[in-house]
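*Asks:* Dropping in final-v7.cif, which is mmCIF, C-alpha atoms:
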data_start
loop_
_atom_site.group_PDB
_atom_site.id
_atom_site.type_symbol
_atom_site.label_atom_id
_atom_site.label_comp_id
_atom_site.auth_asym_id
_atom_site.auth_seq_id
_atom_site.Cartn_x
_atom_site.Cartn_y
_atom_site.Cartn_z
ATOM 1 C CA MET W 300 85.805 220.617 99.881
ATOM 2 C CA ASN W 301 88.627 218.918 101.767
ATOM 3 C CA ILE W 302 87.587 215.476 103.041
ATOM 4 C CA LEU W 303 89.741 213.434 105.387
ATOM 5 C CA PHE W 304 88.814 209.777 104.898
ATOM 6 C CA ILE W 305 89.724 207.519 107.820
ATOM 7 C CA ASP W 306 89.751 203.768 107.243
ATOM 8 C CA HIS W 307 91.159 200.571 108.710
ATOM 9 C CA GLU W 308 94.342 199.241 107.081
ATOM 10 C CA CYS W 309 92.675 195.892 106.315
ATOM 11 C CA HIS W 310 90.649 197.583 103.581
ATOM 12 C CA LYS W 311 93.820 198.338 101.647
ATOM 13 C CA LYS W 312 93.686 194.643 100.747
ATOM 14 C CA THR W 313 89.953 194.069 100.431
ATOM 15 C CA ARG W 314 89.384 197.392 98.594
ATOM 16 C CA SER W 315 85.842 197.383 99.954
ATOM 17 C CA ALA W 316 85.756 201.152 100.475
ATOM 18 C CA ASP W 317 87.254 202.055 97.081
ATOM 19 C CA PHE W 318 83.905 202.701 95.394
ATOM 20 C CA PHE W 319 83.032 205.285 98.044
ATOM 21 C CA VAL W 320 86.419 207.015 98.013
ATOM 22 C CA GLU W 321 86.243 207.272 94.211
ATOM 23 C CA LEU W 322 82.806 208.833 94.525
ATOM 24 C CA LEU W 323 84.106 211.454 96.964
ATOM 25 C CA GLN W 324 87.113 212.206 94.758
ATOM 26 C CA LYS W 325 84.929 213.314 91.850
ATOM 27 C CA LYS W 326 84.094 216.653 93.465
ATOM 28 C CA ASN W 327 86.399 216.912 96.484
ATOM 29 C CA ASP W 328 90.007 216.763 97.567
ATOM 30 C CA VAL W 329 90.349 213.548 99.559
ATOM 31 C CA ARG W 330 93.200 212.680 101.903
ATOM 32 C CA MET W 331 93.450 209.112 103.247
ATOM 33 C CA VAL W 332 94.425 208.071 106.777
ATOM 34 C CA TYR W 333 94.785 204.357 107.559
ATOM 35 C CA TYR W 334 95.218 202.778 110.975
ATOM 36 C CA LYS W 335 95.837 199.242 112.228
ATOM 37 C CA LYS W 336 93.905 199.122 115.494
ATOM 38 C CA ALA W 337 90.150 199.642 115.551
ATOM 39 C CA TYR W 338 89.119 202.636 117.690
ATOM 40 C CA GLY W 339 92.746 203.758 117.906
ATOM 41 C CA CYS W 340 93.315 206.212 115.061
ATOM 42 C CA GLN W 341 95.685 209.123 115.680
ATOM 43 C CA MET W 342 95.478 211.718 112.914
ATOM 44 C CA SER W 343 98.063 214.455 112.559
ATOM 45 C CA LEU W 344 97.273 218.060 113.444
ATOM 46 C CA ASP W 345 97.969 218.952 109.827
ATOM 47 C CA ASP W 346 95.359 216.445 108.601
ATOM 48 C CA LYS W 347 92.828 217.707 111.107
ATOM 49 C CA SER W 348 93.328 221.401 110.304
ATOM 50 C CA TRP W 349 93.247 220.662 106.543
ATOM 51 C CA ALA W 350 89.918 218.857 106.623
ATOM 52 C CA ASP W 351 86.531 220.485 106.170
ATOM 53 C CA VAL W 352 84.794 217.173 106.899
ATOM 54 C CA ILE W 353 86.055 213.896 108.360
ATOM 55 C CA VAL W 354 84.535 210.676 107.023
ATOM 56 C CA ILE W 355 85.045 207.672 109.319
ATOM 57 C CA TRP W 356 84.592 204.261 107.718
ATOM 58 C CA GLU W 357 83.306 201.377 109.896
ATOM 59 C CA PHE W 358 85.139 202.109 113.190
ATOM 60 C CA LEU W 359 84.728 205.293 115.215
ATOM 61 C CA LEU W 360 87.964 207.085 116.118
ATOM 62 C CA SER W 361 87.492 206.313 119.797
ATOM 63 C CA ARG W 362 84.880 204.486 121.797
ATOM 64 C CA TYR W 363 85.240 207.209 124.429
ATOM 65 C CA ALA W 364 85.386 210.434 122.408
ATOM 66 C CA LEU W 365 83.582 208.979 119.358
ATOM 67 C CA CYS W 366 84.984 211.524 116.900
ATOM 68 C CA CYS W 367 86.702 214.884 116.524
ATOM 69 C CA ILE W 368 84.040 216.806 118.387
ATOM 70 C CA ASP W 369 85.139 220.176 116.950
ATOM 71 C CA LYS W 370 85.140 218.995 113.315
ATOM 72 C CA PRO W 371 82.144 217.994 111.185
ATOM 73 C CA CYS W 372 82.170 214.189 111.006
ATOM 74 C CA ILE W 373 80.317 211.529 109.055
ATOM 75 C CA PHE W 374 80.329 207.954 110.289
ATOM 76 C CA VAL W 375 79.692 205.006 107.956
ATOM 77 C CA PRO W 376 78.713 202.112 110.278
ATOM 78 C CA MET W 377 78.678 198.430 109.372
ATOM 79 C CA TYR W 378 76.125 195.890 110.559
ATOM 80 C CA ASP W 379 78.820 193.397 111.560
ATOM 81 C CA ASN W 380 80.486 195.752 114.101
ATOM 82 C CA GLU W 381 78.583 196.480 117.329
ATOM 83 C CA TRP W 382 75.596 197.820 115.434
ATOM 84 C CA GLY W 383 73.174 196.702 118.172
ATOM 85 C CA SER W 384 74.518 198.856 121.018
ATOM 86 C CA PHE W 385 72.020 201.183 122.704
ATOM 87 C CA TRP W 386 74.215 203.552 124.697
ATOM 88 C CA GLN W 387 76.770 203.995 121.938
ATOM 89 C CA TRP W 388 74.026 205.068 119.552
ATOM 90 C CA LYS W 389 72.545 207.392 122.170
ATOM 91 C CA ARG W 390 75.977 209.024 122.498
ATOM 92 C CA ILE W 391 76.236 209.263 118.713
ATOM 93 C CA ALA W 392 72.821 210.953 118.617
ATOM 94 C CA TRP W 393 74.002 213.597 121.100
ATOM 95 C CA SER W 394 77.244 214.139 119.161
ATOM 96 C CA GLY W 395 75.432 215.181 115.994
ATOM 97 C CA ILE W 396 77.669 213.000 113.823
ATOM 98 C CA GLY W 397 76.162 212.479 110.378
ATOM 99 C CA ILE W 398 75.373 208.804 109.737
ATOM 100 C CA LEU W 399 75.580 207.446 106.218
ATOM 101 C CA SER W 400 74.107 203.948 106.373
ATOM 102 C CA PHE W 401 74.269 201.166 103.790
ATOM 103 C CA CYS W 402 72.113 198.862 105.928
ATOM 104 C CA GLY W 403 68.444 199.346 106.737
ATOM 105 C CA LYS W 404 68.687 197.261 109.895
ATOM 106 C CA VAL W 405 71.398 199.549 111.246
ATOM 107 C CA SER W 406 69.399 202.649 110.282
ATOM 108 C CA ALA W 407 66.253 201.423 112.032
ATOM 109 C CA HIS W 408 68.145 200.652 115.232
ATOM 110 C CA ALA W 409 70.013 203.981 115.157
ATOM 111 C CA ARG W 410 66.733 205.873 114.777
ATOM 112 C CA SER W 411 65.198 203.921 117.673
ATOM 113 C CA CYS W 412 68.086 205.266 119.811
ATOM 114 C CA GLY W 413 67.411 208.869 118.824
ATOM 115 C CA VAL W 414 69.675 209.346 115.781
ATOM 116 C CA ASP W 415 67.993 211.577 113.209
ATOM 117 C CA ASN W 416 70.972 212.908 111.245
ATOM 118 C CA ILE W 417 71.077 209.883 108.952
ATOM 119 C CA LEU W 418 71.076 209.151 105.220
ATOM 120 C CA ASP W 419 70.056 205.706 103.932
ATOM 121 C CA VAL W 420 71.658 204.500 100.696
ATOM 122 C CA ARG W 421 72.076 201.126 98.973
ATOM 123 C CA TYR W 422 75.186 200.361 96.963
ATOM 124 C CA PHE W 423 75.071 198.094 93.930
ATOM 125 C CA PRO W 424 77.889 197.658 91.381
ATOM 126 C CA ASN W 425 77.480 198.255 87.661
ATOM 127 C CA PRO W 426 76.718 194.901 85.968
ATOM 128 C CA SER W 427 78.555 196.078 82.849
ATOM 129 C CA ASP W 428 81.804 196.078 84.857
ATOM 130 C CA PHE W 429 81.664 192.297 85.278
ATOM 131 C CA PRO W 430 81.713 189.268 82.975
ATOM 132 C CA GLN W 431 78.230 187.990 82.142
ATOM 133 C CA MET W 432 78.896 184.326 81.390
ATOM 134 C CA GLU W 433 76.090 181.861 82.015
ATOM 135 C CA GLY W 434 77.426 179.342 84.482
ATOM 136 C CA ASP W 435 76.480 175.769 85.214
ATOM 137 C CA PRO W 436 73.421 175.827 87.545
ATOM 138 C CA LYS W 437 74.786 172.745 89.283
ATOM 139 C CA ARG W 438 78.205 174.256 89.897
ATOM 140 C CA VAL W 439 78.395 176.054 93.270
ATOM 141 C CA PHE W 440 81.028 178.574 94.357
ATOM 142 C CA LEU W 441 81.771 178.598 98.079
ATOM 143 C CA TRP W 442 84.123 180.970 99.875
ATOM 144 C CA GLU W 443 84.585 179.414 103.294
ATOM 145 C CA ARG W 444 84.141 182.129 105.904
ATOM 146 C CA ASP W 445 82.108 182.828 109.032
ATOM 147 C CA ASN W 446 80.890 179.225 109.639
ATOM 148 C CA LEU W 447 79.861 178.847 106.000
ATOM 149 C CA ASP W 448 81.752 175.708 105.013
ATOM 150 C CA ARG W 449 81.474 172.544 102.942
ATOM 151 C CA THR W 450 79.085 170.987 105.481
ATOM 152 C CA VAL W 451 76.573 173.832 105.045
ATOM 153 C CA ALA W 452 77.029 173.796 101.273
ATOM 154 C CA GLU W 453 76.326 170.050 101.113
ATOM 155 C CA ARG W 454 73.083 170.508 103.038
ATOM 156 C CA LEU W 455 71.970 173.162 100.587
ATOM 157 C CA PHE W 456 73.265 171.400 97.459
ATOM 158 C CA PRO W 457 73.805 167.648 98.060
ATOM 159 C CA SER W 458 76.522 166.073 95.921
ATOM 160 C CA SER W 459 74.143 163.142 95.460
ATOM 161 C CA ASP W 460 71.921 165.499 93.404
ATOM 162 C CA GLY W 461 74.763 166.174 90.983
ATOM 163 C CA TYR W 462 76.135 169.412 92.432
ATOM 164 C CA VAL W 463 79.868 170.120 92.293
ATOM 165 C CA PHE W 464 81.749 172.717 94.330
ATOM 166 C CA ASP W 465 84.458 175.254 93.614
ATOM 167 C CA ILE W 466 85.728 176.079 97.105
ATOM 168 C CA LYS W 467 87.884 179.045 98.052
ATOM 169 C CA ARG W 468 89.498 178.223 101.398
ATOM 170 C CA LYS W 469 89.734 180.749 104.220
ATOM 171 C CA ASP W 470 93.496 181.089 103.881
ATOM 172 C CA GLU W 471 93.591 180.959 100.076
ATOM 173 C CA PHE W 472 94.559 184.150 98.262
ATOM 174 C CA VAL W 473 93.018 184.606 94.818
ATOM 175 C CA GLY W 474 93.575 187.591 92.528
ATOM 176 C CA LYS W 475 90.533 189.536 91.342
ATOM 177 C CA SER W 476 90.615 188.303 87.740
ATOM 178 C CA GLU W 477 90.974 184.663 88.794
ATOM 179 C CA PHE W 478 88.250 185.119 91.407
ATOM 180 C CA LEU W 479 85.795 186.446 88.807
ATOM 181 C CA GLU W 480 86.778 183.738 86.317
ATOM 182 C CA ARG W 481 86.010 181.013 88.852
ATOM 183 C CA ILE W 482 82.649 182.559 89.737
ATOM 184 C CA SER W 483 81.795 182.930 86.031
ATOM 185 C CA LYS W 484 81.818 179.159 85.600
ATOM 186 C CA CYS W 485 79.310 178.688 88.412
ATOM 187 C CA GLY W 486 75.559 179.226 88.313
ATOM 188 C CA VAL W 487 75.307 179.429 92.105
ATOM 189 C CA VAL W 488 77.310 181.496 94.608
ATOM 190 C CA ILE W 489 76.893 181.057 98.361
ATOM 191 C CA ALA W 490 77.243 184.433 100.119
ATOM 192 C CA PRO W 491 80.370 184.049 102.277
ATOM 193 C CA ARG W 492 79.188 185.574 105.567
ATOM 194 C CA ARG W 493 76.221 185.215 107.913
ATOM 195 C CA LYS W 494 75.748 189.021 107.917
ATOM 196 C CA GLU W 495 77.300 191.928 106.044
ATOM 197 C CA GLY W 496 78.066 195.603 106.398
ATOM 198 C CA ILE W 497 77.576 196.092 102.655
ATOM 199 C CA GLY W 498 78.495 192.735 101.101
ATOM 200 C CA MET W 499 80.722 193.285 98.077
ATOM 201 C CA ALA W 500 81.188 189.572 97.314
ATOM 202 C CA PHE W 501 77.526 188.674 97.031
ATOM 203 C CA LEU W 502 76.605 191.960 95.299
ATOM 204 C CA GLU W 503 79.242 191.394 92.622
ATOM 205 C CA ALA W 504 77.958 187.840 92.150
ATOM 206 C CA MET W 505 74.425 189.181 91.654
ATOM 207 C CA ALA W 506 75.794 191.744 89.187
ATOM 208 C CA MET W 507 77.323 188.799 87.263
ATOM 209 C CA GLY W 508 73.911 187.156 86.950
ATOM 210 C CA LYS W 509 74.505 184.402 89.489
ATOM 211 C CA CYS W 510 71.997 182.786 91.817
ATOM 212 C CA VAL W 511 73.179 184.028 95.202
ATOM 213 C CA VAL W 512 72.188 181.848 98.151
ATOM 214 C CA ALA W 513 72.519 183.726 101.441
ATOM 215 C CA ASN W 514 71.771 183.519 105.135
ATOM 216 C CA ASP W 515 68.525 185.354 105.867
ATOM 217 C CA ASP W 516 69.986 188.452 107.525
ATOM 218 C CA ALA W 517 71.137 191.928 106.579
ATOM 219 C CA THR W 518 72.316 193.145 104.250
ATOM 220 C CA MET W 519 71.631 190.127 102.020
ATOM 221 C CA ASN W 520 67.901 190.075 102.742
ATOM 222 C CA GLU W 521 67.694 193.792 101.918
ATOM 223 C CA TYR W 522 68.648 193.041 98.310
ATOM 224 C CA ILE W 523 67.396 189.501 97.780
ATOM 225 C CA ARG W 524 63.727 188.678 97.260
ATOM 226 C CA ASN W 525 63.606 185.011 98.110
ATOM 227 C CA GLY W 526 62.992 182.824 95.083
ATOM 228 C CA GLU W 527 62.992 185.787 92.674
ATOM 229 C CA ASN W 528 66.480 187.338 92.426
ATOM 230 C CA GLY W 529 68.225 185.094 94.955
ATOM 231 C CA ILE W 530 67.595 182.507 97.648
ATOM 232 C CA LEU W 531 67.575 183.012 101.419
ATOM 233 C CA PHE W 532 68.069 180.244 103.971
ATOM 234 C CA SER W 533 68.586 179.806 107.698
ATOM 235 C CA LEU W 534 72.194 179.070 108.599
ATOM 236 C CA ASN W 535 70.926 177.371 111.758
ATOM 237 C CA ALA W 536 68.787 174.933 109.740
ATOM 238 C CA PRO W 537 69.872 174.799 106.072
ATOM 239 C CA ARG W 538 67.621 172.792 103.756
ATOM 240 C CA PRO W 539 68.182 171.569 100.180
ATOM 241 C CA VAL W 540 67.588 174.165 97.460
ATOM 242 C CA LEU W 541 65.424 173.102 94.529
ATOM 243 C CA ILE W 542 67.069 173.249 91.088
ATOM 244 C CA GLY W 543 63.901 174.861 89.720
ATOM 245 C CA ASP W 544 64.340 177.764 92.131
ATOM 246 C CA VAL W 545 67.984 178.161 91.042
ATOM 247 C CA GLU W 546 67.043 178.252 87.370
ATOM 248 C CA ARG W 547 64.258 180.787 87.984
ATOM 249 C CA VAL W 548 66.624 183.091 89.870
ATOM 250 C CA ILE W 549 69.221 182.901 87.099
ATOM 251 C CA ARG W 550 66.535 183.991 84.605
ATOM 252 C CA ASN W 551 65.472 186.958 86.773
ATOM 253 C CA VAL W 552 68.623 188.245 88.459
ATOM 254 C CA GLN W 553 70.100 190.218 85.555
ATOM 255 C CA ASP W 554 67.037 192.466 85.242
ATOM 256 C CA SER W 555 67.017 192.866 89.010
ATOM 257 C CA ALA W 556 70.714 193.819 89.004
ATOM 258 C CA VAL W 557 70.071 196.621 86.514
ATOM 259 C CA ARG W 558 67.258 198.003 88.688
ATOM 260 C CA LEU W 559 69.373 197.802 91.824
ATOM 261 C CA HIS W 560 72.229 199.641 90.115
ATOM 262 C CA ASP W 561 69.851 202.346 88.878
ATOM 263 C CA ALA W 562 68.613 202.767 92.464
ATOM 264 C CA TRP W 563 72.220 203.202 93.624
ATOM 265 C CA LEU W 564 72.817 205.904 91.013
ATOM 266 C CA ALA W 565 69.826 207.784 92.432
ATOM 267 C CA ASP W 566 71.095 207.325 96.010
ATOM 268 C CA ARG W 567 74.615 208.369 95.028
ATOM 269 C CA SER W 568 73.409 211.827 94.031
ATOM 270 C CA LYS W 569 72.164 212.390 97.603
ATOM 271 C CA ILE W 570 75.541 211.783 99.232
ATOM 272 C CA GLU W 571 77.246 215.015 98.116
ATOM 273 C CA SER W 572 74.464 217.210 99.460
ATOM 274 C CA PHE W 573 74.454 215.251 102.737
ATOM 275 C CA ILE W 574 78.198 215.838 103.160
ATOM 276 C CA SER W 575 77.860 219.523 102.250
ATOM 277 C CA HIS W 576 75.093 219.961 104.801
ATOM 278 C CA GLN W 577 77.191 218.230 107.461
ATOM 279 C CA SER W 578 80.124 220.557 106.764
ATOM 280 C CA ILE W 579 78.144 223.518 108.141
ATOM 281 C CA ALA W 580 76.588 221.656 111.088
ATOM 282 C CA SER W 581 77.122 223.124 114.541
ATOM 283 C CA PRO W 582 79.219 221.168 117.065
ATOM 284 C CA PRO W 583 77.365 219.622 120.027
ATOM 285 C CA SER W 584 76.610 221.834 122.993
ATOM 286 C CA TRP W 585 78.574 221.600 126.225
ATOM 287 C CA GLU W 586 75.620 219.846 127.859
ATOM 288 C CA LYS W 587 75.588 217.154 125.160
ATOM 289 C CA ARG W 588 79.344 216.738 125.417
ATOM 290 C CA GLN W 589 78.934 216.064 129.122
ATOM 291 C CA LYS W 590 76.263 213.459 128.375
ATOM 292 C CA ILE W 591 78.610 211.752 125.921
ATOM 293 C CA ALA W 592 81.342 211.540 128.550
ATOM 294 C CA TRP W 593 79.134 210.601 131.502
ATOM 295 C CA THR W 594 77.384 207.737 129.677
ATOM 296 C CA TYR W 595 80.595 206.105 128.498
ATOM 297 C CA PRO W 596 80.610 203.681 131.495
ATOM 298 C CA LEU W 597 77.098 202.570 130.523
ATOM 299 C CA PHE W 598 78.330 201.715 127.036
ATOM 300 C CA VAL W 599 81.322 199.821 128.477
ATOM 301 C CA ALA W 600 79.040 197.791 130.756
ATOM 302 C CA GLU W 601 76.777 197.058 127.806
ATOM 303 C CA TRP W 602 79.712 195.989 125.651
ATOM 304 C CA VAL W 603 81.192 193.713 128.352
ATOM 305 C CA SER W 604 77.795 192.089 128.842
ATOM 306 C CA PHE W 605 77.534 191.517 125.097
ATOM 307 C CA MET W 606 80.993 189.927 124.917
ATOM 308 C CA LEU W 607 80.207 187.631 127.843
ATOM 309 C CA ARG W 608 76.963 186.489 126.228
ATOM 310 C CA LYS W 609 78.777 185.966 122.945
ATOM 311 C CA GLY W 610 81.456 183.876 124.669
ATOM 312 C CA LEU W 611 78.840 181.700 126.373
ATOM 313 C CA SER W 612 76.938 181.308 123.113
ATOM 314 C CA ASN W 613 80.089 180.179 121.290
ATOM 315 C CA LYS W 614 80.845 177.718 124.116
ATOM 316 C CA TRP W 615 77.334 176.251 123.918
ATOM 317 C CA GLU W 616 77.658 175.880 120.142
ATOM 318 C CA LYS W 617 80.941 173.979 120.549
ATOM 319 C CA ASP W 618 79.474 171.770 123.310
#
The structure given in the file should be rewritten as structure tokens.
*Replies:*
Amino acid sequence: MNILFIDHECHKKTRSADFFVELLQKKNDVRMVYYKKAYGCQMSLDDKSWADVIVIWEFLLSRYALCCIDKPCIFVPMYDNEWGSFWQWKRIAWSGIGILSFCGKVSAHARSCGVDNILDVRYFPNPSDFPQMEGDPKRVFLWERDNLDRTVAERLFPSSDGYVFDIKRKDEFVGKSEFLERISKCGVVIAPRRKEGIGMAFLEAMAMGKCVVANDDATMNEYIRNGENGILFSLNAPRPVLIGDVERVIRNVQDSAVRLHDAWLADRSKIESFISHQSIASPPSWEKRQKIAWTYPLFVAEWVSFMLRKGLSNKWEKD
């Protein structure tokens, strides 16, 4: 099967979609298209005619047209990008696009909006691909991103209790090997974002046997059982973490990581059949295409309202 994989150029650096592309390449011919502006991809006619299926990673091709309506498409949404829209998901439901979701919270919302062509999977890396060095339970790795900074880390792990921090700054570039080496020395890793689409950084830390401490939101709380294989906290009201809880998690997380990876292997086998089924799906009817077009203004109004609320919320936080 010929699969056209469409992704944002930023992922050339983060490599966050590599695991999925490699999975597709095992049984299919895959051609990559990268673009710089979200919702602004222009594929060539040659790419479009070549493809049997188009896989769209994170951003739809267009907020108006959604996808290539005359080609079978699969959309891989992320929780941190407009996942909560109602009218956009209604339009997606009418389009018949196949949804491959790595986040249960996204899946539940999509289904509540009428989407039924959806496959739920959970990615987890192979622990054997990562160093398994027991780190210092009082050494904490922090990657400063998304309002997770030294202030939050100090509330969770006070320096007065003997904790020390290895901090990766927002603008600091670190190669993969150095990044893993630094994490290896730590017993604790603070998940770097308040919410995730998949969450490669915290999943890899779990695969390394670290105690991951994460904001209580998806997708972190879909993998972490609080106090067992990780620790969840409220970013709005962080409280000190007990060293006993850290040590218990470190004892348990390796077994949990193996189980989570085994579950991913089972999920992975479902993806090929889902894509094959989508390749023979019928395009939406003319009536549904009209609905998609006519309800676009409702989505725009919804999106503007969301952005205004977000702006006011950020202003109140600063004040």
*Asks:* Do you know which residues the PyMOL selection byres ((chain W and resi 512-517) around 10) returns on this file, as number ranges by chain?
*Replies:* W: 378-379, 402-405, 439, 447, 452, 455, 487-498, 501, 509-511, 518-523, 525-526, 528-535, 537, 540, 545
*Asks:* Need the neighbours of (76.6, 197.5, 94.2): which residues are at most 12 Å away, counting all atoms listed in the file, as a tab-separated table (two decimals) with C-alpha atoms, in the coordinates of the input?
*Replies:*
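Below is the file selection.tsv, written as the result:
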chain	number	residue	atom	x	y	z
W	315	SER	CA	85.84	197.38	99.95
W	316	ALA	CA	85.76	201.15	100.48
W	317	ASP	CA	87.25	202.06	97.08
W	318	PHE	CA	83.90	202.70	95.39
W	319	PHE	CA	83.03	205.28	98.04
W	401	PHE	CA	74.27	201.17	103.79
W	420	VAL	CA	71.66	204.50	100.70
W	421	ARG	CA	72.08	201.13	98.97
W	422	TYR	CA	75.19	200.36	96.96
W	423	PHE	CA	75.07	198.09	93.93
W	424	PRO	CA	77.89	197.66	91.38
W	425	ASN	CA	77.48	198.26	87.66
W	426	PRO	CA	76.72	194.90	85.97
W	427	SER	CA	78.56	196.08	82.85
W	428	ASP	CA	81.80	196.08	84.86
W	429	PHE	CA	81.66	192.30	85.28
W	497	ILE	CA	77.58	196.09	102.66
W	498	GLY	CA	78.50	192.74	101.10
W	499	MET	CA	80.72	193.28	98.08
W	500	ALA	CA	81.19	189.57	97.31
W	501	PHE	CA	77.53	188.67	97.03
W	502	LEU	CA	76.60	191.96	95.30
W	503	GLU	CA	79.24	191.39	92.62
W	504	ALA	CA	77.96	187.84	92.15
W	505	MET	CA	74.42	189.18	91.65
W	506	ALA	CA	75.79	191.74	89.19
W	507	MET	CA	77.32	188.80	87.26
W	518	THR	CA	72.32	193.14	104.25
W	519	MET	CA	71.63	190.13	102.02
W	522	TYR	CA	68.65	193.04	98.31
W	555	SER	CA	67.02	192.87	89.01
W	556	ALA	CA	70.71	193.82	89.00
W	557	VAL	CA	70.07	196.62	86.51
W	558	ARG	CA	67.26	198.00	88.69
W	559	LEU	CA	69.37	197.80	91.82
W	560	HIS	CA	72.23	199.64	90.12
W	561	ASP	CA	69.85	202.35	88.88
W	562	ALA	CA	68.61	202.77	92.46
W	563	TRP	CA	72.22	203.20	93.62
W	564	LEU	CA	72.82	205.90	91.01
W	566	ASP	CA	71.10	207.32	96.01
W	567	ARG	CA	74.61	208.37	95.03
*Asks:* Can you tell me, as a count of residues only, what residues are no more than 9 Å from segment 592-602 of chain W when counting all atoms listed in the file, ignoring any on the same chain fewer than 3 positions away?
*Replies:* 16
*Asks:* Smallest atom-to-atom distance to Val548 of chain W: which of W:Thr450, W:Pro436, W:Leu365, W:Leu479, using all atoms listed in the file?
*Replies:*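 That would be W:Pro436, the residue with the smallest distance to Val548 of chain W.
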*Asks:* For Lys326 of chain W, find every residue with an atom within 9 Å (counting all atoms listed in the file), except residues of its own chain fewer than 2 positions away, and show them as a ChimeraX atom specification.
*Replies:* /W:300,322-324,328,571
*Asks:* List the residues matched by the PyMOL selection byres ((chain W and resi 347) around 12) in the displayed structure as a PyMOL selection string, ordered by chain and then by residue number.
*Replies:* chain W and resi 301-305+330-332+341-346+348-354+366-372
*Asks:* For the residues selected in the previous step, produce a file with C-alpha atoms as a PDB file, in the coordinates of the input.
*Replies:*
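And here is the file that came out, part16.pdb:
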ATOM      1  CA  ASN W 301      88.627 218.918 101.767  1.00  0.00           C
ATOM      2  CA  ILE W 302      87.587 215.476 103.041  1.00  0.00           C
ATOM      3  CA  LEU W 303      89.741 213.434 105.387  1.00  0.00           C
ATOM      4  CA  PHE W 304      88.814 209.777 104.898  1.00  0.00           C
ATOM      5  CA  ILE W 305      89.724 207.519 107.820  1.00  0.00           C
ATOM      6  CA  ARG W 330      93.200 212.680 101.903  1.00  0.00           C
ATOM      7  CA  MET W 331      93.450 209.112 103.247  1.00  0.00           C
ATOM      8  CA  VAL W 332      94.425 208.071 106.777  1.00  0.00           C
ATOM      9  CA  GLN W 341      95.685 209.123 115.680  1.00  0.00           C
ATOM     10  CA  MET W 342      95.478 211.718 112.914  1.00  0.00           C
ATOM     11  CA  SER W 343      98.063 214.455 112.559  1.00  0.00           C
ATOM     12  CA  LEU W 344      97.273 218.060 113.444  1.00  0.00           C
ATOM     13  CA  ASP W 345      97.969 218.952 109.827  1.00  0.00           C
ATOM     14  CA  ASP W 346      95.359 216.445 108.601  1.00  0.00           C
ATOM     15  CA  SER W 348      93.328 221.401 110.304  1.00  0.00           C
ATOM     16  CA  TRP W 349      93.247 220.662 106.543  1.00  0.00           C
ATOM     17  CA  ALA W 350      89.918 218.857 106.623  1.00  0.00           C
ATOM     18  CA  ASP W 351      86.531 220.485 106.170  1.00  0.00           C
ATOM     19  CA  VAL W 352      84.794 217.173 106.899  1.00  0.00           C
ATOM     20  CA  ILE W 353      86.055 213.896 108.360  1.00  0.00           C
ATOM     21  CA  VAL W 354      84.535 210.676 107.023  1.00  0.00           C
ATOM     22  CA  CYS W 366      84.984 211.524 116.900  1.00  0.00           C
ATOM     23  CA  CYS W 367      86.702 214.884 116.524  1.00  0.00           C
ATOM     24  CA  ILE W 368      84.040 216.806 118.387  1.00  0.00           C
ATOM     25  CA  ASP W 369      85.139 220.176 116.950  1.00  0.00           C
ATOM     26  CA  LYS W 370      85.140 218.995 113.315  1.00  0.00           C
ATOM     27  CA  PRO W 371      82.144 217.994 111.185  1.00  0.00           C
ATOM     28  CA  CYS W 372      82.170 214.189 111.006  1.00  0.00           C
TER      29      CYS W 372
END
*Asks:* Can you work out the spacing between atom CA of Cys485 of chain W and atom CA of Thr313 of chain W in Å, to one decimal?
*Replies:*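 Computing the Euclidean distance for atom CA of Cys485 of chain W and atom CA of Thr313 of chain W yields 22.2 Å.
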*Asks:* Would you place a box with edges along x, y and z of the file around all atoms of segment 513-518 of chain W listed there, add 8 Å to each of its six sides, and report the centre and edge lengths in Å to one decimal, as AutoDock Vina command-line options?
*Replies:*
--center_x 70.5 --center_y 188.3 --center_z 104.5 --size_x 20.0 --size_y 25.6 --size_z 22.1
*Asks:* Between atom CA of Val375 of chain W and atom CA of Lys312 of chain W, what is the distance, to one decimal in Å?
*Replies:*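 Computed distance, atom CA of Val375 of chain W to atom CA of Lys312 of chain W, equals 18.8 Å.
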*Asks:* With 12 Å as the threshold, what does the neighbourhood of (74.9, 178.5, 81.1) contain in terms of residues, counting only C-alpha atoms? Coordinates are those of the file; answer as a PyMOL selection string.
*Replies:* chain W and resi 431-438+483-487+508-510+546+549-550
*Asks:* Rank nothing, just name the residue among W:Ser572, W:Lys325, W:Trp356, W:Pro582 nearest to His310 of chain W, using all atoms listed in the file.
*Replies:*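 Ranking W:Ser572, W:Lys325, W:Trp356, W:Pro582 by distance to His310 of chain W, first place goes to W:Trp356.
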*Asks:* Between atom CA of His576 of chain W and atom CA of His408 of chain W, what distance in Å does the model show, to one decimal?
*Replies:*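 Atom-to-atom, atom CA of His576 of chain W and atom CA of His408 of chain W are spaced 23.0 Å apart.
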